[in-house]
$ cat start03.cif   # mmCIF, C-alpha atoms, pLDDT in the B column; chains and numbers go by the auth columns
data_my_file
#
loop_
_atom_site.group_PDB
_atom_site.id
_atom_site.type_symbol
_atom_site.label_atom_id
_atom_site.label_comp_id
_atom_site.label_asym_id
_atom_site.label_seq_id
_atom_site.Cartn_x
_atom_site.Cartn_y
_atom_site.Cartn_z
_atom_site.B_iso_or_equiv
_atom_site.auth_seq_id
_atom_site.auth_asym_id
ATOM 1 C CA THR A 1 -20.855 28.277 12.374 97.00 277 A
ATOM 2 C CA TYR A 2 -23.168 28.665 9.426 98.00 278 A
ATOM 3 C CA LEU A 3 -22.133 28.778 5.783 98.00 279 A
ATOM 4 C CA LEU A 4 -24.587 30.504 3.443 98.00 280 A
ATOM 5 C CA GLN A 5 -23.694 29.764 -0.153 98.00 281 A
ATOM 6 C CA GLY A 6 -25.343 30.801 -3.385 97.00 282 A
ATOM 7 C CA PRO A 7 -25.175 33.131 -6.368 96.00 283 A
ATOM 8 C CA THR A 8 -24.559 36.832 -6.027 92.00 284 A
ATOM 9 C CA GLY A 9 -27.552 38.978 -5.153 91.00 285 A
ATOM 10 C CA CYS A 10 -29.680 36.133 -3.776 93.00 286 A
ATOM 11 C CA GLY A 11 -29.846 37.382 -0.172 93.00 287 A
ATOM 12 C CA LYS A 12 -27.063 35.611 1.730 96.00 288 A
ATOM 13 C CA THR A 13 -25.928 38.673 3.668 96.00 289 A
ATOM 14 C CA THR A 14 -29.502 39.776 4.290 95.00 290 A
ATOM 15 C CA ILE A 15 -30.312 36.328 5.678 97.00 291 A
ATOM 16 C CA ALA A 16 -27.204 36.538 7.883 98.00 292 A
ATOM 17 C CA ARG A 17 -28.424 39.859 9.308 97.00 293 A
ATOM 18 C CA ILE A 18 -31.856 38.397 9.992 97.00 294 A
ATOM 19 C CA MET A 19 -30.272 35.368 11.676 98.00 295 A
ATOM 20 C CA ALA A 20 -28.212 37.670 13.889 97.00 296 A
ATOM 21 C CA LYS A 21 -31.322 39.489 15.076 97.00 297 A
ATOM 22 C CA MET A 22 -33.168 36.236 15.681 97.00 298 A
ATOM 23 C CA LEU A 23 -30.232 34.910 17.741 97.00 299 A
ATOM 24 C CA GLY A 24 -30.414 38.037 19.908 97.00 300 A
ATOM 25 C CA CYS A 25 -27.338 39.845 18.640 97.00 301 A
ATOM 26 C CA VAL A 26 -27.574 43.635 18.776 95.00 302 A
ATOM 27 C CA GLY A 27 -25.437 46.719 18.497 95.00 303 A
ATOM 28 C CA ASN A 28 -21.685 46.407 18.841 94.00 304 A
ATOM 29 C CA ASP A 29 -21.912 42.647 19.317 97.00 305 A
ATOM 30 C CA TYR A 30 -22.603 42.338 15.572 97.00 306 A
ATOM 31 C CA ARG A 31 -19.696 42.598 13.159 97.00 307 A
ATOM 32 C CA GLU A 32 -19.681 42.301 9.403 96.00 308 A
ATOM 33 C CA VAL A 33 -16.351 41.690 7.684 95.00 309 A
ATOM 34 C CA ASP A 34 -16.014 42.038 3.916 93.00 310 A
ATOM 35 C CA SER A 35 -13.292 39.572 2.973 89.00 311 A
ATOM 36 C CA ALA A 36 -12.844 41.296 -0.361 81.00 312 A
ATOM 37 C CA ASP A 37 -11.194 44.125 1.619 84.00 313 A
ATOM 38 C CA PHE A 38 -10.067 42.437 4.852 85.00 314 A
ATOM 39 C CA ARG A 39 -8.858 39.017 3.806 83.00 315 A
ATOM 40 C CA GLY A 40 -5.663 38.387 5.701 90.00 316 A
ATOM 41 C CA ILE A 41 -4.526 36.578 8.787 92.00 317 A
ATOM 42 C CA ASP A 42 -4.456 39.775 10.877 93.00 318 A
ATOM 43 C CA THR A 43 -8.208 40.157 10.421 93.00 319 A
ATOM 44 C CA ILE A 44 -8.791 36.624 11.714 95.00 320 A
ATOM 45 C CA ARG A 45 -6.370 37.103 14.611 95.00 321 A
ATOM 46 C CA GLU A 46 -8.326 40.169 15.687 95.00 322 A
ATOM 47 C CA ILE A 47 -11.618 38.270 15.451 95.00 323 A
ATOM 48 C CA ARG A 48 -10.159 35.423 17.543 95.00 324 A
ATOM 49 C CA LYS A 49 -9.034 37.911 20.177 95.00 325 A
ATOM 50 C CA GLN A 50 -12.375 39.747 20.294 96.00 326 A
ATOM 51 C CA ALA A 51 -14.431 36.520 20.340 96.00 327 A
ATOM 52 C CA GLN A 52 -13.230 35.741 23.857 95.00 328 A
ATOM 53 C CA PHE A 53 -15.196 38.682 25.284 96.00 329 A
ATOM 54 C CA LYS A 54 -18.796 38.284 26.390 97.00 330 A
ATOM 55 C CA PRO A 55 -21.535 40.217 24.535 97.00 331 A
ATOM 56 C CA LEU A 56 -21.937 43.847 25.547 94.00 332 A
ATOM 57 C CA GLU A 57 -25.586 44.376 24.677 94.00 333 A
ATOM 58 C CA GLY A 58 -27.309 41.214 23.516 94.00 334 A
ATOM 59 C CA LYS A 59 -27.321 37.465 24.029 96.00 335 A
ATOM 60 C CA CYS A 60 -24.416 36.685 21.710 98.00 336 A
ATOM 61 C CA ARG A 61 -21.675 38.027 19.471 98.00 337 A
ATOM 62 C CA ILE A 62 -21.824 37.392 15.741 98.00 338 A
ATOM 63 C CA TRP A 63 -19.310 37.808 12.967 98.00 339 A
ATOM 64 C CA VAL A 64 -20.620 37.733 9.429 98.00 340 A
ATOM 65 C CA ILE A 65 -17.711 37.074 7.104 97.00 341 A
ATOM 66 C CA ASP A 66 -18.945 38.091 3.676 96.00 342 A
ATOM 67 C CA GLU A 67 -17.195 36.844 0.549 95.00 343 A
ATOM 68 C CA CYS A 68 -15.318 34.426 2.829 96.00 344 A
ATOM 69 C CA HIS A 69 -13.896 32.575 -0.169 95.00 345 A
ATOM 70 C CA LYS A 70 -11.577 35.560 -0.628 95.00 346 A
ATOM 71 C CA LEU A 71 -9.821 34.921 2.676 95.00 347 A
ATOM 72 C CA THR A 72 -6.196 33.981 2.120 95.00 348 A
ATOM 73 C CA SER A 73 -5.138 30.411 2.778 94.00 349 A
ATOM 74 C CA ASP A 74 -3.340 31.542 5.937 94.00 350 A
ATOM 75 C CA ALA A 75 -6.450 33.392 7.116 95.00 351 A
ATOM 76 C CA GLN A 76 -8.631 30.327 6.509 96.00 352 A
ATOM 77 C CA ASN A 77 -6.206 28.183 8.481 95.00 353 A
ATOM 78 C CA ALA A 78 -6.219 30.738 11.320 94.00 354 A
ATOM 79 C CA LEU A 79 -10.010 30.669 11.273 95.00 355 A
ATOM 80 C CA LEU A 80 -9.985 26.911 11.870 94.00 356 A
ATOM 81 C CA LYS A 81 -8.926 27.231 15.509 91.00 357 A
ATOM 82 C CA ILE A 82 -11.796 29.521 16.483 94.00 358 A
ATOM 83 C CA LEU A 83 -14.261 27.375 14.505 95.00 359 A
ATOM 84 C CA GLU A 84 -13.073 24.302 16.423 93.00 360 A
ATOM 85 C CA ASP A 85 -13.322 25.957 19.835 92.00 361 A
ATOM 86 C CA THR A 86 -15.996 28.596 19.353 94.00 362 A
ATOM 87 C CA PRO A 87 -16.993 30.210 22.636 95.00 363 A
ATOM 88 C CA GLU A 88 -20.578 29.465 23.642 96.00 364 A
ATOM 89 C CA HIS A 89 -21.660 33.078 23.122 97.00 365 A
ATOM 90 C CA VAL A 90 -20.225 33.396 19.577 98.00 366 A
ATOM 91 C CA PHE A 91 -21.672 32.575 16.163 98.00 367 A
ATOM 92 C CA PHE A 92 -19.978 32.855 12.808 98.00 368 A
ATOM 93 C CA ILE A 93 -21.955 33.253 9.602 98.00 369 A
ATOM 94 C CA LEU A 94 -19.844 32.805 6.491 98.00 370 A
ATOM 95 C CA CYS A 95 -21.288 33.957 3.155 98.00 371 A
ATOM 96 C CA THR A 96 -19.868 32.975 -0.208 97.00 372 A
ATOM 97 C CA THR A 97 -20.600 32.666 -3.897 96.00 373 A
ATOM 98 C CA GLU A 98 -17.719 30.211 -4.295 97.00 374 A
ATOM 99 C CA PRO A 99 -17.744 27.614 -1.491 97.00 375 A
ATOM 100 C CA GLU A 100 -15.312 25.385 -3.378 97.00 376 A
ATOM 101 C CA LYS A 101 -12.583 27.983 -2.708 97.00 377 A
ATOM 102 C CA LEU A 102 -12.862 27.430 1.036 97.00 378 A
ATOM 103 C CA ILE A 103 -10.540 24.836 2.439 96.00 379 A
ATOM 104 C CA LYS A 104 -12.295 21.565 3.157 96.00 380 A
ATOM 105 C CA THR A 105 -11.652 21.755 6.898 96.00 381 A
ATOM 106 C CA VAL A 106 -13.432 25.125 7.139 97.00 382 A
ATOM 107 C CA ARG A 107 -16.442 23.806 5.224 96.00 383 A
ATOM 108 C CA GLY A 108 -16.430 20.729 7.440 96.00 384 A
ATOM 109 C CA ARG A 109 -16.980 22.848 10.541 96.00 385 A
ATOM 110 C CA CYS A 110 -20.049 24.608 9.163 97.00 386 A
ATOM 111 C CA SER A 111 -23.752 23.952 8.916 97.00 387 A
ATOM 112 C CA ILE A 112 -24.218 24.608 5.198 98.00 388 A
ATOM 113 C CA PHE A 113 -27.269 26.264 3.684 98.00 389 A
ATOM 114 C CA THR A 114 -27.673 26.946 -0.017 98.00 390 A
ATOM 115 C CA VAL A 115 -29.539 30.110 -0.945 96.00 391 A
ATOM 116 C CA ASN A 116 -31.119 29.918 -4.375 95.00 392 A
ATOM 117 C CA LEU A 117 -32.369 32.470 -6.842 94.00 393 A
ATOM 118 C CA LEU A 118 -36.086 33.199 -6.726 94.00 394 A
ATOM 119 C CA SER A 119 -38.587 31.725 -9.125 96.00 395 A
ATOM 120 C CA ASP A 120 -40.703 34.147 -11.150 96.00 396 A
ATOM 121 C CA LYS A 121 -43.652 33.488 -8.842 97.00 397 A
ATOM 122 C CA GLU A 122 -41.582 34.148 -5.706 96.00 398 A
ATOM 123 C CA MET A 123 -40.124 37.275 -7.272 96.00 399 A
ATOM 124 C CA PHE A 124 -43.577 38.582 -8.149 97.00 400 A
ATOM 125 C CA ARG A 125 -44.738 38.074 -4.544 97.00 401 A
ATOM 126 C CA LEU A 126 -41.657 39.895 -3.243 96.00 402 A
ATOM 127 C CA LEU A 127 -42.052 42.854 -5.597 97.00 403 A
ATOM 128 C CA ARG A 128 -45.788 43.060 -5.015 97.00 404 A
ATOM 129 C CA ARG A 129 -45.289 43.048 -1.220 96.00 405 A
ATOM 130 C CA ILE A 130 -42.721 45.862 -1.444 96.00 406 A
ATOM 131 C CA THR A 131 -44.908 47.894 -3.789 96.00 407 A
ATOM 132 C CA THR A 132 -47.912 47.481 -1.497 95.00 408 A
ATOM 133 C CA GLN A 133 -45.887 48.489 1.576 95.00 409 A
ATOM 134 C CA GLU A 134 -44.770 51.596 -0.298 93.00 410 A
ATOM 135 C CA GLY A 135 -48.404 52.454 -1.083 94.00 411 A
ATOM 136 C CA GLU A 136 -47.813 52.120 -4.810 94.00 412 A
ATOM 137 C CA THR A 137 -49.382 50.103 -7.618 93.00 413 A
ATOM 138 C CA LEU A 138 -47.844 48.878 -10.847 95.00 414 A
ATOM 139 C CA GLU A 139 -49.125 47.251 -13.996 95.00 415 A
ATOM 140 C CA LYS A 140 -48.489 43.518 -14.343 96.00 416 A
ATOM 141 C CA GLU A 141 -46.340 44.186 -17.433 97.00 417 A
ATOM 142 C CA ILE A 142 -43.929 46.264 -15.337 96.00 418 A
ATOM 143 C CA TYR A 143 -43.582 43.474 -12.786 96.00 419 A
ATOM 144 C CA ASP A 144 -43.029 40.993 -15.612 96.00 420 A
ATOM 145 C CA GLN A 145 -40.267 43.119 -17.140 97.00 421 A
ATOM 146 C CA ILE A 146 -38.498 43.583 -13.796 97.00 422 A
ATOM 147 C CA ILE A 147 -38.706 39.835 -13.152 96.00 423 A
ATOM 148 C CA GLN A 148 -37.348 39.037 -16.608 96.00 424 A
ATOM 149 C CA ASP A 149 -34.480 41.525 -16.294 96.00 425 A
ATOM 150 C CA SER A 150 -33.467 40.425 -12.772 95.00 426 A
ATOM 151 C CA LEU A 151 -32.836 36.789 -13.780 93.00 427 A
ATOM 152 C CA GLY A 152 -33.949 35.566 -10.345 93.00 428 A
ATOM 153 C CA HIS A 153 -31.666 37.896 -8.355 94.00 429 A
ATOM 154 C CA PRO A 154 -33.729 39.661 -5.655 94.00 430 A
ATOM 155 C CA ARG A 155 -31.139 42.433 -5.238 93.00 431 A
ATOM 156 C CA ASN A 156 -31.338 43.328 -8.928 94.00 432 A
ATOM 157 C CA ALA A 157 -35.135 43.240 -8.896 96.00 433 A
ATOM 158 C CA ILE A 158 -35.394 45.459 -5.828 95.00 434 A
ATOM 159 C CA GLN A 159 -32.926 47.980 -7.271 95.00 435 A
ATOM 160 C CA THR A 160 -34.908 48.119 -10.517 96.00 436 A
ATOM 161 C CA LEU A 161 -38.176 48.422 -8.595 96.00 437 A
ATOM 162 C CA GLU A 162 -36.745 51.365 -6.631 95.00 438 A
ATOM 163 C CA GLN A 163 -35.805 53.079 -9.894 94.00 439 A
ATOM 164 C CA VAL A 164 -39.272 52.484 -11.356 94.00 440 A
ATOM 165 C CA LEU A 165 -41.012 53.794 -8.232 92.00 441 A
ATOM 166 C CA ASN A 166 -38.806 56.912 -8.231 89.00 442 A
ATOM 167 C CA VAL A 167 -39.762 57.653 -11.847 81.00 443 A
ATOM 168 C CA GLU A 168 -43.512 57.427 -11.365 56.00 444 A
#
$ encode --input "start03.cif" --output "structure tokens"
Amino acid sequence: TYLLQGPTGCGKTTIARIMAKMLGCVGNDYREVDSADFRGIDTIREIRKQAQFKPLEGKCRIWVIDECHKLTSDAQNALLKILEDTPEHVFFILCTTEPEKLIKTVRGRCSIFTVNLLSDKEMFRLLRRITTQEGETLEKEIYDQIIQDSLGHPRNAIQTLEQVLNVE
């Protein structure tokens, strides 16, 4: 079980999707649960039931539980059992902006990785790479403004870049 923690818009869910591909999870073996909408014990019971089945298409089954801090206390406690006895073919990737809201025993069963906001230099490289891949060019001042407005959040910067490229 992996716990990806960090501020909103810094790439936690994107990293989880990349991890899933690198672990060999494909198709219906990949599930993404938004705990803002599905936060109760029934959701976790269903995951526990489904986790017992072998992968259908890839090497493993993966559940990404996004906004996991929004799981109810009962749901977090139900999650403990499957985190303790995770089948060999199953990975869980929990993503949260508020790790302190997870019960200590859930956090204790995770490998924890903190995802940080990007520095201005990292953000420039990201935006420049995207712009180049799109076959576009921008003035340095435009990059600087996007970087300033995004406050280190890659999601915000990419959304703004998309808007700028659609205007030109």
$ closest_residue --input "start03.cif" --among "A:Ile338, A:Leu355, A:Leu393, A:Ile406" --to "Gln435 of chain A" --atoms "all atoms listed in the file"
A:Ile406
$ residues_around --input "start03.cif" --residues "Pro430 of chain A" --least-positions-apart "5" --cutoff "10 Å" --atoms "all atoms listed in the file" --output "list in words"
Thr284, Gly285, Cys286, Gly287, Leu393, Leu394, Ser395, Glu398, Met399, Leu402, Leu403, Ile423, Gln435 and Thr436 of chain A
$ closest_residue --input "start03.cif" --among "A:His429, A:Lys416, A:Arg293, A:Arg321" --to "Trp339 of chain A" --atoms "all atoms listed in the file"
A:Arg293
$ residues_around --input "start03.cif" --residues "Gln352 of chain A" --least-positions-apart "4" --cutoff "9 Å" --atoms "only C-alpha atoms" --output "VMD selection string"
chain A and resid 316 to 317 320 344 to 345 347 to 348 356 378 to 379 382
$ resolve_selection --input "start03.cif" --expression "the PyMOL selection byres ((chain A and resi 306) around 8)" --output "list of chain:residue names"
A:Ala296, A:Cys301, A:Val302, A:Gly303, A:Asn304, A:Asp305, A:Arg307, A:Glu308, A:Arg337, A:Ile338, A:Trp339, A:Val340
$ write_last_selection --input "start03.cif" --atoms "C-alpha atoms" --output "short mmCIF file (atom, residue, chain, number, x, y, z; two decimals), in the coordinates of the input"
data_model
loop_
_atom_site.label_atom_id
_atom_site.label_comp_id
_atom_site.auth_asym_id
_atom_site.auth_seq_id
_atom_site.Cartn_x
_atom_site.Cartn_y
_atom_site.Cartn_z
CA ALA A 296 -28.21 37.67 13.89
CA CYS A 301 -27.34 39.84 18.64
CA VAL A 302 -27.57 43.64 18.78
CA GLY A 303 -25.44 46.72 18.50
CA ASN A 304 -21.68 46.41 18.84
CA ASP A 305 -21.91 42.65 19.32
CA ARG A 307 -19.70 42.60 13.16
CA GLU A 308 -19.68 42.30 9.40
CA ARG A 337 -21.68 38.03 19.47
CA ILE A 338 -21.82 37.39 15.74
CA TRP A 339 -19.31 37.81 12.97
CA VAL A 340 -20.62 37.73 9.43
#
$ closest_residue --input "start03.cif" --among "A:Met295, A:Val391, A:Ala433, A:Ala354" --to "Ile323 of chain A" --atoms "only C-alpha atoms"
A:Ala354
$ resolve_selection --input "start03.cif" --expression "the PyMOL selection byres ((chain A and resi 389) around 7)" --output "compact mmCIF listing (two decimals) with C-alpha atoms, in the coordinates of the input"
# COMPACT_ATOMS: atom_id res chain seq x y z
CA LEU A 279 -22.13 28.78 5.78
CA LEU A 280 -24.59 30.50 3.44
CA GLN A 281 -23.69 29.76 -0.15
CA SER A 387 -23.75 23.95 8.92
CA ILE A 388 -24.22 24.61 5.20
CA THR A 390 -27.67 26.95 -0.02
CA VAL A 391 -29.54 30.11 -0.94
$ atom_distance --input "start03.cif" --atom1 "atom CA of Thr407 of chain A" --atom2 "atom CA of Leu437 of chain A"
8.3 Å
$ residues_around --input "start03.cif" --residues "Asp310 of chain A" --least-positions-apart "5" --cutoff "7 Å" --atoms "all atoms listed in the file" --output "PyMOL selection string"
chain A and resi 341-343
$ closest_residue --input "start03.cif" --among "A:Ala327, A:Thr413, A:Arg315, A:Gly282" --to "Asp350 of chain A" --atoms "only C-alpha atoms"
A:Arg315
